[in-house]
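Student: For reference, the file my_file34.txt (compact mmCIF, N, CA and C atoms) is included below:
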# COMPACT_ATOMS: atom_id res chain seq x y z
N MET P 245 30.45 -2.62 -25.47
CA MET P 245 31.15 -2.79 -24.24
C MET P 245 30.17 -2.89 -23.07
N TYR P 246 29.20 -2.02 -22.96
CA TYR P 246 28.20 -2.09 -21.91
C TYR P 246 27.00 -2.87 -22.42
N ARG P 247 26.49 -3.74 -21.60
CA ARG P 247 25.31 -4.52 -21.97
C ARG P 247 24.10 -3.98 -21.24
N SER P 248 22.98 -4.10 -21.88
CA SER P 248 21.74 -3.64 -21.24
C SER P 248 21.34 -4.62 -20.14
N ILE P 249 20.49 -4.16 -19.23
CA ILE P 249 20.03 -5.01 -18.13
C ILE P 249 19.30 -6.24 -18.66
N SER P 250 18.55 -6.09 -19.76
CA SER P 250 17.82 -7.23 -20.31
C SER P 250 18.78 -8.27 -20.86
N THR P 251 19.92 -7.86 -21.39
CA THR P 251 20.91 -8.82 -21.87
C THR P 251 21.47 -9.63 -20.71
N TRP P 252 21.79 -8.96 -19.58
CA TRP P 252 22.31 -9.67 -18.41
C TRP P 252 21.26 -10.62 -17.86
N LEU P 253 20.01 -10.18 -17.80
CA LEU P 253 18.95 -11.06 -17.31
C LEU P 253 18.80 -12.29 -18.21
N PHE P 254 18.98 -12.10 -19.52
CA PHE P 254 18.88 -13.21 -20.45
C PHE P 254 19.92 -14.28 -20.12
N PHE P 255 21.14 -13.85 -19.76
CA PHE P 255 22.20 -14.80 -19.43
C PHE P 255 22.06 -15.36 -18.03
N LEU P 256 21.63 -14.56 -17.05
CA LEU P 256 21.59 -14.98 -15.66
C LEU P 256 20.32 -15.73 -15.28
N LEU P 257 19.20 -15.42 -15.90
CA LEU P 257 17.94 -16.04 -15.50
C LEU P 257 17.95 -17.56 -15.59
N PRO P 258 18.48 -18.16 -16.65
CA PRO P 258 18.51 -19.62 -16.68
C PRO P 258 19.33 -20.22 -15.52
N LEU P 259 20.40 -19.55 -15.13
CA LEU P 259 21.21 -20.06 -14.02
C LEU P 259 20.43 -19.99 -12.71
N VAL P 260 19.81 -18.87 -12.44
CA VAL P 260 19.05 -18.69 -11.21
C VAL P 260 17.83 -19.60 -11.21
N ALA P 261 17.10 -19.65 -12.30
CA ALA P 261 15.91 -20.50 -12.38
C ALA P 261 16.28 -21.97 -12.24
N GLY P 262 17.40 -22.36 -12.85
CA GLY P 262 17.83 -23.76 -12.74
C GLY P 262 18.11 -24.16 -11.31
N ASN P 263 18.78 -23.27 -10.55
CA ASN P 263 19.08 -23.58 -9.15
C ASN P 263 17.82 -23.63 -8.32
N SER P 264 16.89 -22.70 -8.54
CA SER P 264 15.68 -22.71 -7.72
C SER P 264 14.80 -23.89 -8.06
N ILE P 265 14.80 -24.32 -9.30
CA ILE P 265 13.99 -25.49 -9.67
C ILE P 265 14.57 -26.73 -9.01
N ARG P 266 15.88 -26.89 -9.06
CA ARG P 266 16.49 -28.06 -8.40
C ARG P 266 16.19 -28.04 -6.91
N GLY P 267 16.28 -26.88 -6.27
CA GLY P 267 16.00 -26.78 -4.85
C GLY P 267 14.56 -27.14 -4.52
N SER P 268 13.63 -26.67 -5.35
CA SER P 268 12.23 -26.94 -5.04
C SER P 268 11.90 -28.41 -5.27
N VAL P 269 12.53 -29.05 -6.23
CA VAL P 269 12.28 -30.47 -6.46
C VAL P 269 12.77 -31.27 -5.26
N ALA P 270 13.94 -30.93 -4.73
CA ALA P 270 14.46 -31.66 -3.56
C ALA P 270 13.53 -31.49 -2.37
N ARG P 271 12.95 -30.31 -2.20
CA ARG P 271 12.07 -30.07 -1.07
C ARG P 271 10.72 -30.76 -1.21
N GLN P 272 10.37 -31.23 -2.41
CA GLN P 272 9.09 -31.89 -2.60
C GLN P 272 9.13 -33.34 -2.12
N LEU P 273 10.30 -33.91 -1.93
CA LEU P 273 10.38 -35.28 -1.44
C LEU P 273 9.90 -35.32 -0.01
N SER P 274 9.30 -36.40 0.38
CA SER P 274 8.85 -36.54 1.76
C SER P 274 8.95 -37.99 2.20
N PRO P 275 9.04 -38.23 3.51
CA PRO P 275 9.23 -39.59 4.00
C PRO P 275 8.06 -40.51 3.69
N ASP P 276 6.87 -39.97 3.49
CA ASP P 276 5.76 -40.85 3.21
C ASP P 276 5.48 -40.98 1.72
N ASP P 277 6.45 -40.61 0.88
CA ASP P 277 6.33 -40.78 -0.55
C ASP P 277 6.26 -42.27 -0.89
N SER P 278 5.22 -42.69 -1.57
CA SER P 278 5.10 -44.11 -1.92
C SER P 278 6.10 -44.51 -2.99
N ASP P 279 6.63 -43.52 -3.73
CA ASP P 279 7.61 -43.82 -4.77
C ASP P 279 9.03 -43.91 -4.24
N SER P 280 9.22 -43.63 -2.97
CA SER P 280 10.56 -43.59 -2.40
C SER P 280 11.20 -44.98 -2.41
N SER P 281 12.41 -45.06 -2.91
CA SER P 281 13.13 -46.33 -2.89
C SER P 281 13.87 -46.52 -1.57
N CYS P 282 13.75 -45.55 -0.69
CA CYS P 282 14.44 -45.58 0.60
C CYS P 282 13.49 -45.06 1.68
N PRO P 283 12.46 -45.83 2.01
CA PRO P 283 11.47 -45.31 2.97
C PRO P 283 12.04 -45.22 4.38
N LEU P 284 11.51 -44.27 5.13
CA LEU P 284 11.88 -44.14 6.53
C LEU P 284 11.07 -45.12 7.36
N PRO P 285 11.64 -45.62 8.45
CA PRO P 285 10.86 -46.51 9.30
C PRO P 285 9.68 -45.76 9.92
N TRP P 286 8.52 -46.41 9.96
CA TRP P 286 7.33 -45.79 10.52
C TRP P 286 7.47 -45.61 12.02
N ARG P 287 7.98 -46.61 12.71
CA ARG P 287 8.18 -46.53 14.16
C ARG P 287 9.46 -47.28 14.51
N PHE P 288 10.26 -46.69 15.39
CA PHE P 288 11.45 -47.38 15.88
C PHE P 288 11.73 -46.93 17.30
N PHE P 289 12.63 -47.66 17.98
CA PHE P 289 12.93 -47.44 19.38
C PHE P 289 14.42 -47.22 19.56
N GLU P 290 14.78 -46.27 20.41
CA GLU P 290 16.17 -46.01 20.75
C GLU P 290 16.39 -46.42 22.20
N THR P 291 17.44 -47.21 22.43
CA THR P 291 17.79 -47.64 23.78
C THR P 291 18.98 -46.81 24.24
N ALA P 292 18.83 -46.11 25.35
CA ALA P 292 19.84 -45.16 25.83
C ALA P 292 20.91 -45.89 26.64
N ILE P 293 21.88 -46.47 25.94
CA ILE P 293 22.97 -47.15 26.65
C ILE P 293 24.25 -46.32 26.63
N ASN P 294 24.34 -45.37 25.74
CA ASN P 294 25.55 -44.54 25.61
C ASN P 294 25.23 -43.08 25.87
N SER P 295 24.39 -42.81 26.86
CA SER P 295 23.94 -41.45 27.14
C SER P 295 24.54 -40.94 28.44
N GLN P 296 24.83 -39.63 28.48
CA GLN P 296 25.31 -39.00 29.70
C GLN P 296 24.65 -37.63 29.82
N PHE P 297 24.08 -37.38 30.96
CA PHE P 297 23.50 -36.07 31.25
C PHE P 297 24.24 -35.47 32.44
N HIS P 298 24.73 -34.26 32.26
CA HIS P 298 25.43 -33.54 33.32
C HIS P 298 24.73 -32.20 33.50
N GLY P 299 23.99 -32.07 34.57
CA GLY P 299 23.26 -30.83 34.80
C GLY P 299 22.21 -30.62 33.74
N GLU P 300 22.37 -29.57 32.96
CA GLU P 300 21.37 -29.21 31.97
C GLU P 300 21.77 -29.57 30.55
N ILE P 301 22.85 -30.31 30.38
CA ILE P 301 23.31 -30.70 29.06
C ILE P 301 23.36 -32.22 28.99
N GLY P 302 22.82 -32.78 27.91
CA GLY P 302 22.87 -34.22 27.72
C GLY P 302 23.41 -34.55 26.34
N GLY P 303 24.09 -35.66 26.25
CA GLY P 303 24.61 -36.09 24.97
C GLY P 303 24.65 -37.60 24.89
N TRP P 304 24.61 -38.12 23.68
CA TRP P 304 24.71 -39.56 23.48
C TRP P 304 25.37 -39.82 22.13
N ASP P 305 25.97 -40.99 22.04
CA ASP P 305 26.67 -41.37 20.81
C ASP P 305 26.46 -42.85 20.56
N ARG P 306 25.93 -43.14 19.41
CA ARG P 306 25.77 -44.51 18.93
C ARG P 306 24.81 -45.35 19.77
N ASN P 307 23.72 -44.75 20.25
CA ASN P 307 22.67 -45.53 20.89
C ASN P 307 22.00 -46.38 19.80
N PRO P 308 21.77 -47.67 20.07
CA PRO P 308 21.15 -48.51 19.04
C PRO P 308 19.68 -48.16 18.82
N ILE P 309 19.25 -48.21 17.56
CA ILE P 309 17.84 -48.05 17.24
C ILE P 309 17.36 -49.31 16.52
N ALA P 310 16.12 -49.71 16.83
CA ALA P 310 15.57 -50.95 16.28
C ALA P 310 14.11 -50.75 15.89
N SER P 311 13.69 -51.52 14.91
CA SER P 311 12.30 -51.54 14.47
C SER P 311 11.88 -53.00 14.38
N ASN P 312 10.77 -53.34 15.01
CA ASN P 312 10.29 -54.73 15.05
C ASN P 312 11.35 -55.69 15.58
N GLY P 313 12.12 -55.24 16.56
CA GLY P 313 13.12 -56.09 17.18
C GLY P 313 14.40 -56.26 16.38
N VAL P 314 14.53 -55.57 15.27
CA VAL P 314 15.72 -55.70 14.40
C VAL P 314 16.48 -54.38 14.42
N GLY P 315 17.79 -54.45 14.65
CA GLY P 315 18.62 -53.25 14.64
C GLY P 315 18.62 -52.61 13.26
N ILE P 316 18.39 -51.30 13.21
CA ILE P 316 18.37 -50.60 11.92
C ILE P 316 19.38 -49.47 11.85
N GLY P 317 20.08 -49.18 12.96
CA GLY P 317 21.06 -48.12 12.93
C GLY P 317 21.40 -47.61 14.32
N GLU P 318 21.87 -46.37 14.35
CA GLU P 318 22.30 -45.76 15.62
C GLU P 318 21.85 -44.32 15.68
N SER P 319 21.74 -43.82 16.92
CA SER P 319 21.35 -42.44 17.17
C SER P 319 22.44 -41.74 17.97
N SER P 320 22.75 -40.52 17.57
CA SER P 320 23.69 -39.67 18.30
C SER P 320 23.10 -38.27 18.37
N GLY P 321 23.44 -37.53 19.42
CA GLY P 321 22.92 -36.17 19.49
C GLY P 321 23.16 -35.52 20.82
N ASN P 322 22.49 -34.39 21.01
CA ASN P 322 22.60 -33.67 22.27
C ASN P 322 21.34 -32.85 22.52
N CYS P 323 21.09 -32.61 23.80
CA CYS P 323 19.95 -31.80 24.23
C CYS P 323 20.42 -30.81 25.29
N LEU P 324 19.81 -29.66 25.29
CA LEU P 324 20.11 -28.62 26.26
C LEU P 324 18.81 -28.27 26.99
N MET P 325 18.81 -28.35 28.32
CA MET P 325 17.64 -28.00 29.11
C MET P 325 17.42 -26.49 29.01
N LEU P 326 16.20 -26.10 28.70
CA LEU P 326 15.86 -24.69 28.56
C LEU P 326 15.39 -24.11 29.89
N PRO P 327 15.45 -22.79 30.05
CA PRO P 327 14.98 -22.18 31.29
C PRO P 327 13.53 -22.60 31.59
N GLY P 328 13.24 -22.83 32.84
CA GLY P 328 11.93 -23.31 33.24
C GLY P 328 11.89 -24.82 33.41
N ARG P 329 12.92 -25.49 32.90
CA ARG P 329 13.11 -26.93 33.05
C ARG P 329 11.93 -27.78 32.58
N LYS P 330 11.17 -27.29 31.59
CA LYS P 330 10.03 -28.06 31.09
C LYS P 330 10.32 -28.75 29.77
N ARG P 331 11.36 -28.31 29.07
CA ARG P 331 11.68 -28.93 27.79
C ARG P 331 13.15 -28.76 27.44
N PHE P 332 13.59 -29.63 26.52
CA PHE P 332 14.94 -29.61 25.99
C PHE P 332 14.90 -29.12 24.55
N SER P 333 15.96 -28.48 24.12
CA SER P 333 16.19 -28.19 22.71
C SER P 333 17.19 -29.24 22.24
N CYS P 334 16.80 -30.04 21.22
CA CYS P 334 17.59 -31.22 20.85
C CYS P 334 17.95 -31.25 19.37
N ILE P 335 19.11 -31.84 19.10
CA ILE P 335 19.56 -32.16 17.76
C ILE P 335 19.90 -33.65 17.77
N VAL P 336 19.32 -34.41 16.84
CA VAL P 336 19.51 -35.86 16.79
C VAL P 336 19.94 -36.25 15.39
N THR P 337 20.97 -37.08 15.28
CA THR P 337 21.38 -37.63 14.00
C THR P 337 21.16 -39.13 14.04
N LEU P 338 20.35 -39.63 13.10
CA LEU P 338 20.09 -41.06 12.97
C LEU P 338 20.95 -41.59 11.83
N GLU P 339 21.70 -42.64 12.12
CA GLU P 339 22.58 -43.23 11.12
C GLU P 339 22.01 -44.57 10.68
N PHE P 340 21.67 -44.67 9.38
CA PHE P 340 21.15 -45.90 8.82
C PHE P 340 22.21 -46.48 7.87
N PRO P 341 22.79 -47.63 8.21
CA PRO P 341 23.83 -48.21 7.36
C PRO P 341 23.33 -48.41 5.92
N ASN P 342 24.18 -48.11 4.98
CA ASN P 342 23.93 -48.27 3.54
C ASN P 342 22.82 -47.36 3.02
N GLU P 343 22.28 -46.46 3.84
CA GLU P 343 21.24 -45.54 3.38
C GLU P 343 21.65 -44.09 3.55
N GLY P 344 22.31 -43.77 4.65
CA GLY P 344 22.69 -42.39 4.93
C GLY P 344 22.19 -41.97 6.30
N ASN P 345 22.28 -40.69 6.56
CA ASN P 345 21.89 -40.14 7.85
C ASN P 345 20.63 -39.30 7.71
N LEU P 346 19.96 -39.12 8.85
CA LEU P 346 18.79 -38.25 8.92
C LEU P 346 18.97 -37.39 10.16
N MET P 347 18.83 -36.07 10.00
CA MET P 347 19.01 -35.17 11.13
C MET P 347 17.65 -34.61 11.54
N LEU P 348 17.38 -34.68 12.86
CA LEU P 348 16.14 -34.18 13.45
C LEU P 348 16.47 -33.05 14.41
N GLN P 349 15.55 -32.12 14.57
CA GLN P 349 15.77 -31.02 15.50
C GLN P 349 14.43 -30.56 16.05
N GLY P 350 14.44 -30.13 17.31
CA GLY P 350 13.23 -29.60 17.90
C GLY P 350 13.27 -29.68 19.41
N PHE P 351 12.10 -29.60 20.02
CA PHE P 351 11.97 -29.61 21.47
C PHE P 351 11.44 -30.95 21.95
N GLU P 352 12.02 -31.44 23.05
CA GLU P 352 11.54 -32.65 23.71
C GLU P 352 11.14 -32.29 25.13
N SER P 353 10.09 -32.93 25.62
CA SER P 353 9.61 -32.66 26.96
C SER P 353 10.59 -33.19 28.00
N SER P 354 10.65 -32.53 29.14
CA SER P 354 11.47 -33.02 30.25
C SER P 354 10.68 -34.00 31.11
N ARG P 355 9.43 -34.26 30.72
CA ARG P 355 8.60 -35.22 31.45
C ARG P 355 8.46 -36.50 30.64
N ALA P 356 8.34 -37.62 31.33
CA ALA P 356 8.18 -38.91 30.68
C ALA P 356 6.78 -39.06 30.10
N ASN P 357 6.66 -39.94 29.13
CA ASN P 357 5.39 -40.32 28.51
C ASN P 357 4.60 -39.14 27.94
N VAL P 358 5.32 -38.17 27.40
CA VAL P 358 4.70 -37.02 26.74
C VAL P 358 5.20 -36.99 25.29
N ASP P 359 4.27 -36.92 24.35
CA ASP P 359 4.66 -36.84 22.94
C ASP P 359 5.17 -35.45 22.61
N THR P 360 6.30 -35.39 21.93
CA THR P 360 6.84 -34.15 21.39
C THR P 360 7.19 -34.41 19.94
N THR P 361 7.52 -33.39 19.20
CA THR P 361 7.78 -33.55 17.77
C THR P 361 9.15 -33.00 17.41
N LEU P 362 9.91 -33.79 16.66
CA LEU P 362 11.19 -33.35 16.10
C LEU P 362 11.02 -33.30 14.58
N GLY P 363 11.41 -32.19 13.99
CA GLY P 363 11.31 -32.05 12.54
C GLY P 363 12.54 -32.62 11.85
N ILE P 364 12.34 -33.14 10.65
CA ILE P 364 13.46 -33.59 9.82
C ILE P 364 14.06 -32.35 9.17
N VAL P 365 15.33 -32.06 9.49
CA VAL P 365 15.96 -30.84 8.99
C VAL P 365 17.07 -31.12 7.99
N GLY P 366 17.37 -32.38 7.75
CA GLY P 366 18.41 -32.69 6.77
C GLY P 366 18.62 -34.18 6.64
N GLY P 367 19.33 -34.54 5.59
CA GLY P 367 19.63 -35.95 5.38
C GLY P 367 20.75 -36.10 4.38
N THR P 368 21.34 -37.29 4.38
CA THR P 368 22.39 -37.63 3.42
C THR P 368 21.99 -38.93 2.74
N GLY P 369 22.71 -39.27 1.69
CA GLY P 369 22.43 -40.50 0.98
C GLY P 369 21.01 -40.49 0.43
N CYS P 370 20.31 -41.60 0.56
CA CYS P 370 18.96 -41.67 0.01
C CYS P 370 17.95 -40.89 0.83
N HIS P 371 18.35 -40.34 1.98
CA HIS P 371 17.45 -39.52 2.79
C HIS P 371 17.60 -38.03 2.50
N GLU P 372 18.46 -37.68 1.55
CA GLU P 372 18.66 -36.28 1.22
C GLU P 372 17.37 -35.68 0.67
N GLY P 373 16.99 -34.52 1.18
CA GLY P 373 15.82 -33.81 0.70
C GLY P 373 14.51 -34.24 1.34
N LYS P 374 14.54 -35.22 2.22
CA LYS P 374 13.29 -35.66 2.84
C LYS P 374 12.82 -34.64 3.87
N THR P 375 11.51 -34.55 4.03
CA THR P 375 10.91 -33.63 4.97
C THR P 375 9.92 -34.38 5.84
N GLY P 376 9.41 -33.73 6.85
CA GLY P 376 8.43 -34.35 7.72
C GLY P 376 8.87 -34.24 9.16
N SER P 377 8.32 -35.09 10.01
CA SER P 377 8.67 -35.05 11.43
C SER P 377 8.38 -36.39 12.09
N TYR P 378 8.96 -36.55 13.27
CA TYR P 378 8.73 -37.73 14.12
C TYR P 378 8.17 -37.27 15.45
N HIS P 379 7.16 -37.98 15.95
CA HIS P 379 6.71 -37.81 17.33
C HIS P 379 7.67 -38.64 18.18
N VAL P 380 8.11 -38.08 19.30
CA VAL P 380 9.07 -38.75 20.18
C VAL P 380 8.48 -38.81 21.58
N ARG P 381 8.64 -39.97 22.23
CA ARG P 381 8.13 -40.16 23.59
C ARG P 381 9.16 -40.96 24.38
N ALA P 382 9.52 -40.45 25.57
CA ALA P 382 10.45 -41.15 26.46
C ALA P 382 9.64 -41.95 27.48
N ASN P 383 10.17 -43.13 27.83
CA ASN P 383 9.50 -43.90 28.89
C ASN P 383 9.80 -43.27 30.24
N SER P 384 9.25 -43.85 31.31
CA SER P 384 9.35 -43.24 32.64
C SER P 384 10.77 -43.18 33.18
N ARG P 385 11.66 -44.05 32.70
CA ARG P 385 13.06 -44.03 33.15
C ARG P 385 13.97 -43.28 32.19
N PHE P 386 13.42 -42.77 31.12
CA PHE P 386 14.18 -42.05 30.10
C PHE P 386 15.31 -42.89 29.52
N ASN P 387 15.12 -44.20 29.45
CA ASN P 387 16.16 -45.05 28.84
C ASN P 387 15.66 -45.71 27.56
N LYS P 388 14.45 -45.38 27.12
CA LYS P 388 13.95 -45.87 25.85
C LYS P 388 13.06 -44.78 25.22
N MET P 389 13.39 -44.41 24.00
CA MET P 389 12.64 -43.40 23.27
C MET P 389 11.90 -44.09 22.13
N THR P 390 10.65 -43.71 21.93
CA THR P 390 9.87 -44.22 20.81
C THR P 390 9.69 -43.11 19.79
N TYR P 391 10.08 -43.38 18.54
CA TYR P 391 9.94 -42.43 17.45
C TYR P 391 8.84 -42.96 16.51
N THR P 392 7.86 -42.12 16.20
CA THR P 392 6.78 -42.51 15.28
C THR P 392 6.67 -41.44 14.21
N LEU P 393 6.72 -41.87 12.96
CA LEU P 393 6.62 -40.94 11.84
C LEU P 393 5.29 -40.20 11.92
N ALA P 394 5.36 -38.88 11.90
CA ALA P 394 4.14 -38.06 12.05
C ALA P 394 3.43 -37.90 10.70
The structure in this file should be written as structure tokens.
Tutor:
Amino acid sequence: MYRSISTWLFFLLPLVAGNSIRGSVARQLSPDDSDSSCPLPWRFFETAINSQFHGEIGGWDRNPIASNGVGIGESSGNCLMLPGRKRFSCIVTLEFPNEGNLMLQGFESSRANVDTTLGIVGGTGCHEGKTGSYHVRANSRFNKMTYTLA
């Protein structure tokens, strides 16, 4: 009726090990993997046509993103101005048709022409499990953002 601890470990260890192995394999994928069948764009531009900033909160939905002059998807997200007014805390979702989404998070400068970094924190579709980051830079009018794979 009672089982020893070693008997329970014998039954549970494969389940726990299996989950951790699957998790670690997913985390090993990266955007600069040469074997990736779904590579991330090295550099792309976002045009802020659907953006609204009210005080210290900004949001946008479906801003077009393009690489080499060709539309590759849309960007949506929000930023919150932090105390001191030197940087924003931002969450960005990039939507790539037929590939999936990529979610970025991090701090962006409140000044133009300053490089900041957003980390890849999640993805769907063929971008699931990807890691890495993008350097982000706003132009002087804050109506065009340049993203470069770090």
Student: I want to know what sits within 8 Å of Phe288 of chain P, based on all atoms listed in the file, with residues of the same chain fewer than 2 positions away left out; could you give that as a ChimeraX atom specification?
Tutor: /P:285-286,290-291,309-313,389-393
Student: Just N, CA and C atoms for this one: save the residues we selected as a PDB file, keeping the file's coordinate frame.
Tutor:
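Once everything was written out, this is out-v2.pdb:
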ATOM      1  N   PRO P 285      11.640 -45.620   8.450  1.00  0.00           N
ATOM      2  CA  PRO P 285      10.860 -46.510   9.300  1.00  0.00           C
ATOM      3  C   PRO P 285       9.680 -45.760   9.920  1.00  0.00           C
ATOM      4  N   TRP P 286       8.520 -46.410   9.960  1.00  0.00           N
ATOM      5  CA  TRP P 286       7.330 -45.790  10.520  1.00  0.00           C
ATOM      6  C   TRP P 286       7.470 -45.610  12.020  1.00  0.00           C
ATOM      7  N   GLU P 290      14.780 -46.270  20.410  1.00  0.00           N
ATOM      8  CA  GLU P 290      16.170 -46.010  20.750  1.00  0.00           C
ATOM      9  C   GLU P 290      16.390 -46.420  22.200  1.00  0.00           C
ATOM     10  N   THR P 291      17.440 -47.210  22.430  1.00  0.00           N
ATOM     11  CA  THR P 291      17.790 -47.640  23.780  1.00  0.00           C
ATOM     12  C   THR P 291      18.980 -46.810  24.240  1.00  0.00           C
ATOM     13  N   ILE P 309      19.250 -48.210  17.560  1.00  0.00           N
ATOM     14  CA  ILE P 309      17.840 -48.050  17.240  1.00  0.00           C
ATOM     15  C   ILE P 309      17.360 -49.310  16.520  1.00  0.00           C
ATOM     16  N   ALA P 310      16.120 -49.710  16.830  1.00  0.00           N
ATOM     17  CA  ALA P 310      15.570 -50.950  16.280  1.00  0.00           C
ATOM     18  C   ALA P 310      14.110 -50.750  15.890  1.00  0.00           C
ATOM     19  N   SER P 311      13.690 -51.520  14.910  1.00  0.00           N
ATOM     20  CA  SER P 311      12.300 -51.540  14.470  1.00  0.00           C
ATOM     21  C   SER P 311      11.880 -53.000  14.380  1.00  0.00           C
ATOM     22  N   ASN P 312      10.770 -53.340  15.010  1.00  0.00           N
ATOM     23  CA  ASN P 312      10.290 -54.730  15.050  1.00  0.00           C
ATOM     24  C   ASN P 312      11.350 -55.690  15.580  1.00  0.00           C
ATOM     25  N   GLY P 313      12.120 -55.240  16.560  1.00  0.00           N
ATOM     26  CA  GLY P 313      13.120 -56.090  17.180  1.00  0.00           C
ATOM     27  C   GLY P 313      14.400 -56.260  16.380  1.00  0.00           C
ATOM     28  N   MET P 389      13.390 -44.410  24.000  1.00  0.00           N
ATOM     29  CA  MET P 389      12.640 -43.400  23.270  1.00  0.00           C
ATOM     30  C   MET P 389      11.900 -44.090  22.130  1.00  0.00           C
ATOM     31  N   THR P 390      10.650 -43.710  21.930  1.00  0.00           N
ATOM     32  CA  THR P 390       9.870 -44.220  20.810  1.00  0.00           C
ATOM     33  C   THR P 390       9.690 -43.110  19.790  1.00  0.00           C
ATOM     34  N   TYR P 391      10.080 -43.380  18.540  1.00  0.00           N
ATOM     35  CA  TYR P 391       9.940 -42.430  17.450  1.00  0.00           C
ATOM     36  C   TYR P 391       8.840 -42.960  16.510  1.00  0.00           C
ATOM     37  N   THR P 392       7.860 -42.120  16.200  1.00  0.00           N
ATOM     38  CA  THR P 392       6.780 -42.510  15.280  1.00  0.00           C
ATOM     39  C   THR P 392       6.670 -41.440  14.210  1.00  0.00           C
ATOM     40  N   LEU P 393       6.720 -41.870  12.960  1.00  0.00           N
ATOM     41  CA  LEU P 393       6.620 -40.940  11.840  1.00  0.00           C
ATOM     42  C   LEU P 393       5.290 -40.200  11.920  1.00  0.00           C
TER      43      LEU P 393
END
Student: Can you pull out every residue within 6 Å of segment 365-367 of chain P, counting all atoms listed in the file, but drop anything in the same chain fewer than 6 positions away, and send it as a PDB file with N, CA and C atoms, keeping the file's coordinate frame?
Tutor:
ATOM      1  N   ASN P 345      22.280 -40.690   6.560  1.00  0.00           N
ATOM      2  CA  ASN P 345      21.890 -40.140   7.850  1.00  0.00           C
ATOM      3  C   ASN P 345      20.630 -39.300   7.710  1.00  0.00           C
ATOM      4  N   LEU P 346      19.960 -39.120   8.850  1.00  0.00           N
ATOM      5  CA  LEU P 346      18.790 -38.250   8.920  1.00  0.00           C
ATOM      6  C   LEU P 346      18.970 -37.390  10.160  1.00  0.00           C
ATOM      7  N   MET P 347      18.830 -36.070  10.000  1.00  0.00           N
ATOM      8  CA  MET P 347      19.010 -35.170  11.130  1.00  0.00           C
ATOM      9  C   MET P 347      17.650 -34.610  11.540  1.00  0.00           C
ATOM     10  N   LEU P 348      17.380 -34.680  12.860  1.00  0.00           N
ATOM     11  CA  LEU P 348      16.140 -34.180  13.450  1.00  0.00           C
ATOM     12  C   LEU P 348      16.470 -33.050  14.410  1.00  0.00           C
ATOM     13  N   GLN P 349      15.550 -32.120  14.570  1.00  0.00           N
ATOM     14  CA  GLN P 349      15.770 -31.020  15.500  1.00  0.00           C
ATOM     15  C   GLN P 349      14.430 -30.560  16.050  1.00  0.00           C
ATOM     16  N   GLY P 373      16.990 -34.520   1.180  1.00  0.00           N
ATOM     17  CA  GLY P 373      15.820 -33.810   0.700  1.00  0.00           C
ATOM     18  C   GLY P 373      14.510 -34.240   1.340  1.00  0.00           C
ATOM     19  N   LYS P 374      14.540 -35.220   2.220  1.00  0.00           N
ATOM     20  CA  LYS P 374      13.290 -35.660   2.840  1.00  0.00           C
ATOM     21  C   LYS P 374      12.820 -34.640   3.870  1.00  0.00           C
TER      22      LYS P 374
END
Student: I'd like the contact shell of Asn383 of chain P - 7 Å cut-off, all atoms listed in the file, skipping same-chain residues fewer than 5 positions apart - returned as a list of chain:residue names.
Tutor: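 The neighbour list is P:Arg355, P:Ala356, P:Asn357, P:Val358, P:Lys388, P:Met389, P:Thr390.
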Student: Using the selection just defined, write its residues with N, CA and C atoms as a PDB file, in the coordinates of the input.
Tutor:
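File result.pdb, as written:
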ATOM      1  N   ARG P 355       9.430 -34.260  30.720  1.00  0.00           N
ATOM      2  CA  ARG P 355       8.600 -35.220  31.450  1.00  0.00           C
ATOM      3  C   ARG P 355       8.460 -36.500  30.640  1.00  0.00           C
ATOM      4  N   ALA P 356       8.340 -37.620  31.330  1.00  0.00           N
ATOM      5  CA  ALA P 356       8.180 -38.910  30.680  1.00  0.00           C
ATOM      6  C   ALA P 356       6.780 -39.060  30.100  1.00  0.00           C
ATOM      7  N   ASN P 357       6.660 -39.940  29.130  1.00  0.00           N
ATOM      8  CA  ASN P 357       5.390 -40.320  28.510  1.00  0.00           C
ATOM      9  C   ASN P 357       4.600 -39.140  27.940  1.00  0.00           C
ATOM     10  N   VAL P 358       5.320 -38.170  27.400  1.00  0.00           N
ATOM     11  CA  VAL P 358       4.700 -37.020  26.740  1.00  0.00           C
ATOM     12  C   VAL P 358       5.200 -36.990  25.290  1.00  0.00           C
ATOM     13  N   LYS P 388      14.450 -45.380  27.120  1.00  0.00           N
ATOM     14  CA  LYS P 388      13.950 -45.870  25.850  1.00  0.00           C
ATOM     15  C   LYS P 388      13.060 -44.780  25.220  1.00  0.00           C
ATOM     16  N   MET P 389      13.390 -44.410  24.000  1.00  0.00           N
ATOM     17  CA  MET P 389      12.640 -43.400  23.270  1.00  0.00           C
ATOM     18  C   MET P 389      11.900 -44.090  22.130  1.00  0.00           C
ATOM     19  N   THR P 390      10.650 -43.710  21.930  1.00  0.00           N
ATOM     20  CA  THR P 390       9.870 -44.220  20.810  1.00  0.00           C
ATOM     21  C   THR P 390       9.690 -43.110  19.790  1.00  0.00           C
TER      22      THR P 390
END
Student: Select, from P:Ile364, P:Leu284, P:Ile335, P:Cys323, the residue with the minimum atom-to-atom distance to Gly303 of chain P, counting all atoms listed in the file.
Tutor: P:Cys323
Student: Tell me which protein, DNA and RNA residues are within 6.5 Å of Asn307 of chain P, counting all atoms listed in the file, leaving out same-chain ones fewer than 3 positions away, and put them as a list in words.
Tutor: Glu290, Thr291, Ala292, Ile293, Asn294, Trp304, Gly317, Glu318, Ser319 and Ser320 of chain P
Student: Identify which of the residues P:Ile316, P:Val380, P:Ala394, P:Leu326 lies closest to Glu339 of chain P, counting only N, CA and C atoms when measuring atom-to-atom distances.
Tutor: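 Of all the options, P:Ile316 lies closest to Glu339 of chain P.
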Student: Interatomic distance between atom C of Met325 of chain P and atom C of Glu352 of chain P?
Tutor: 9.4 Å
Student: Could you pull out the residues in segment 258-378 of chain P that DSSP calls strand (DSSP E) from the backbone, as a ChimeraX atom specification?
Tutor: /P:287-291,295-298,301-311,314-325,331-340,344-353,360-367,377-378
Student: Rank nothing, just name the residue among P:Thr361, P:Pro341, P:Cys370, P:Phe386 nearest to Ser295 of chain P, using only C-alpha atoms.
Tutor: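 Using only C-alpha atoms, Ser295 of chain P sits closest to P:Phe386.
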